[in-house]
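Q: Just passing along the structure, written as structure tokens.
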Amino acid sequence: MSKAKSSRDRRIAPPGVARVTRSSINPQDSQRTKPADSGLVDDLSLMSVSEQQASLARKGKSPSTKAILSSPSGSSVPRGALGTIGRLMKLGRVRNIVVVAGAGISTASGIPDFRTPGTGLYANLAKYDIPYPEAIFNIDYFSDNPHPFFSLAKELYPGHHRPNYVHYFIRMLHQKGLLLRMYTQNIDGLEKLCGIPDDKLVEAHGSFATAACHLCYTPYPAEEAKQAIMNGSVPICTFCAGAVKPNVVFFGEDLPEKYFQHAEDFPKADLLMIMGTSLKIEPFASLVNTVKSTVPRLLLNRDPVGPFERRPLRRGDYMELGDLSDSVQKLAEILGWHSEIQDLMNSHENGLCSYTDPSNSSGENSDSSETDSMH
């Protein structure tokens, strides 16, 4: 039993933030606003979202970004969230960007998100005969009955989807030397597949790249686990006879060790970008409240979420609501990156297609492409 104990000990999360939980109530910011330097105050003074814009957004209309703002040099940039953030970036005011992302960044790749009524994953699980939608990602339910998750896993396993414009925009942040870290809830692996380096990426909810026993945490060959699951079998631990699963974090499980790097990253951030997430899964959702109170936060999303649902918004908070790909492309155009991102997409995707053997069902890149988690 010593082997099981030592393996489990390595998986226990540090005190304070131990397990993934669901939350329908998002925590409020606990920090008081502190004075920023005068230049940044001038820039952030442009970032207030009016109640009229927020009201339009809730009714399904995107806030207008067509107004024109004259810069001190006399040039013009679009007014609004994207124009203001773009101006800060072009002025060199931000150099350590942290990106927080959810399932919404992968919908343009053909992967459904989790909570959209009618089309989200949780709205289409009736065939699995589970007591409630989230049960399919509940570790206690899995321990009792792993078959529903394994049936779903056949659809979730990586290899069928490609990164989209949003992924390549984030890679461009890295190539420009601006990305401090990306924290993703997704398990689709599209971040890695588009070329974001491991040291810039935190997969907060795990991935399909590795596998282990869900009871004793003894590692298990990931490809063998995948083959068993695809063949309709339950992979079994050779040490304790428990069910083996991919190292995707379920409700009630410990978070990966790398997640706790946030304690160093978020205090260093000078811009937080939040993309395509409902901010309903704790402790991930609370990360957005751990940047300094003077740091601008940009929400690119379909709807207001978390602290962006409050009125009035915190000074320095701004949101661009609507189609995520459209919003990201607008920001890229403001920055003058659009053509560069398109060229990067074309060259990288052509390389991926030539590298991956289509006759290989698992794909040489399958360990690098993982599907979305439980937000």
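In the structure tokens, chains take the letters A, B, ... in the order shown, each chain's residues start at 1, and ligands count up from 1 in the order shown.
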Might you pull out every residue within 8 Å of stretch 88-91 of chain A, with only C-alpha atoms counted and same-chain residues fewer than 3 positions away left off, and present them as number ranges by chain?
A: A: 43, 84-85, 94-95, 335
Q: List as JSON lines every residue of stretch 132-176 of chain A that is in contact with stretch 186-199 of chain A, defined as an atom at most 8 Å from one of its atoms (using only C-alpha atoms), together with the nearest atom pair and the distance in Å rounded to one decimal, sorted by chain and then rising number.
A:
```
{"residue": "A:Leu156", "atom": "CA", "partner": "A:Asp188", "partner_atom": "CA", "distance": 7.7}
{"residue": "A:Tyr157", "atom": "CA", "partner": "A:Asp188", "partner_atom": "CA", "distance": 7.7}
{"residue": "A:Pro158", "atom": "CA", "partner": "A:Asp188", "partner_atom": "CA", "distance": 6.0}
{"residue": "A:His161", "atom": "CA", "partner": "A:Leu190", "partner_atom": "CA", "distance": 7.9}
{"residue": "A:Arg162", "atom": "CA", "partner": "A:Leu190", "partner_atom": "CA", "distance": 6.6}
{"residue": "A:Pro163", "atom": "CA", "partner": "A:Leu190", "partner_atom": "CA", "distance": 5.2}
{"residue": "A:His167", "atom": "CA", "partner": "A:Glu191", "partner_atom": "CA", "distance": 6.1}
{"residue": "A:Tyr168", "atom": "CA", "partner": "A:Cys194", "partner_atom": "CA", "distance": 6.4}
{"residue": "A:Ile170", "atom": "CA", "partner": "A:Ile196", "partner_atom": "CA", "distance": 7.8}
{"residue": "A:Arg171", "atom": "CA", "partner": "A:Ile196", "partner_atom": "CA", "distance": 5.4}
{"residue": "A:His174", "atom": "CA", "partner": "A:Ile196", "partner_atom": "CA", "distance": 7.3}
```
Q: Contacts of A:Gly232 at 9 Å or less, counting only C-alpha atoms, minus same-chain residues fewer than 5 places along, as a compact mmCIF listing (two decimals) with N, CA, C and O atoms, in the first residue's frame?
A:
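Writing the result to out_9.txt gives the following:
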```txt
# COMPACT_ATOMS: atom_id res chain seq x y z
N HIS A 147 -19.36 4.22 -16.78
CA HIS A 147 -19.77 4.03 -18.17
C HIS A 147 -20.30 5.30 -18.84
O HIS A 147 -19.96 5.56 -20.02
N PHE A 150 -17.30 7.40 -19.92
CA PHE A 150 -16.51 6.78 -20.97
C PHE A 150 -17.25 6.84 -22.31
O PHE A 150 -16.62 6.96 -23.37
N SER A 151 -18.58 6.77 -22.27
CA SER A 151 -19.35 6.91 -23.52
C SER A 151 -19.17 8.32 -24.07
O SER A 151 -18.98 8.50 -25.29
N LYS A 154 -15.62 9.18 -25.68
CA LYS A 154 -15.37 8.82 -27.08
C LYS A 154 -15.54 10.03 -27.99
O LYS A 154 -14.84 10.16 -29.00
N GLN A 227 -7.49 3.42 -25.95
CA GLN A 227 -7.93 2.28 -26.77
C GLN A 227 -9.01 1.48 -26.07
O GLN A 227 -10.00 1.06 -26.69
```
Q: When you draw a straight line from atom CA of A:Met182 to atom CA of A:Val202, how long is it in Å?
A: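 Separating atom CA of A:Met182 from atom CA of A:Val202 is a distance of 6.1 Å.
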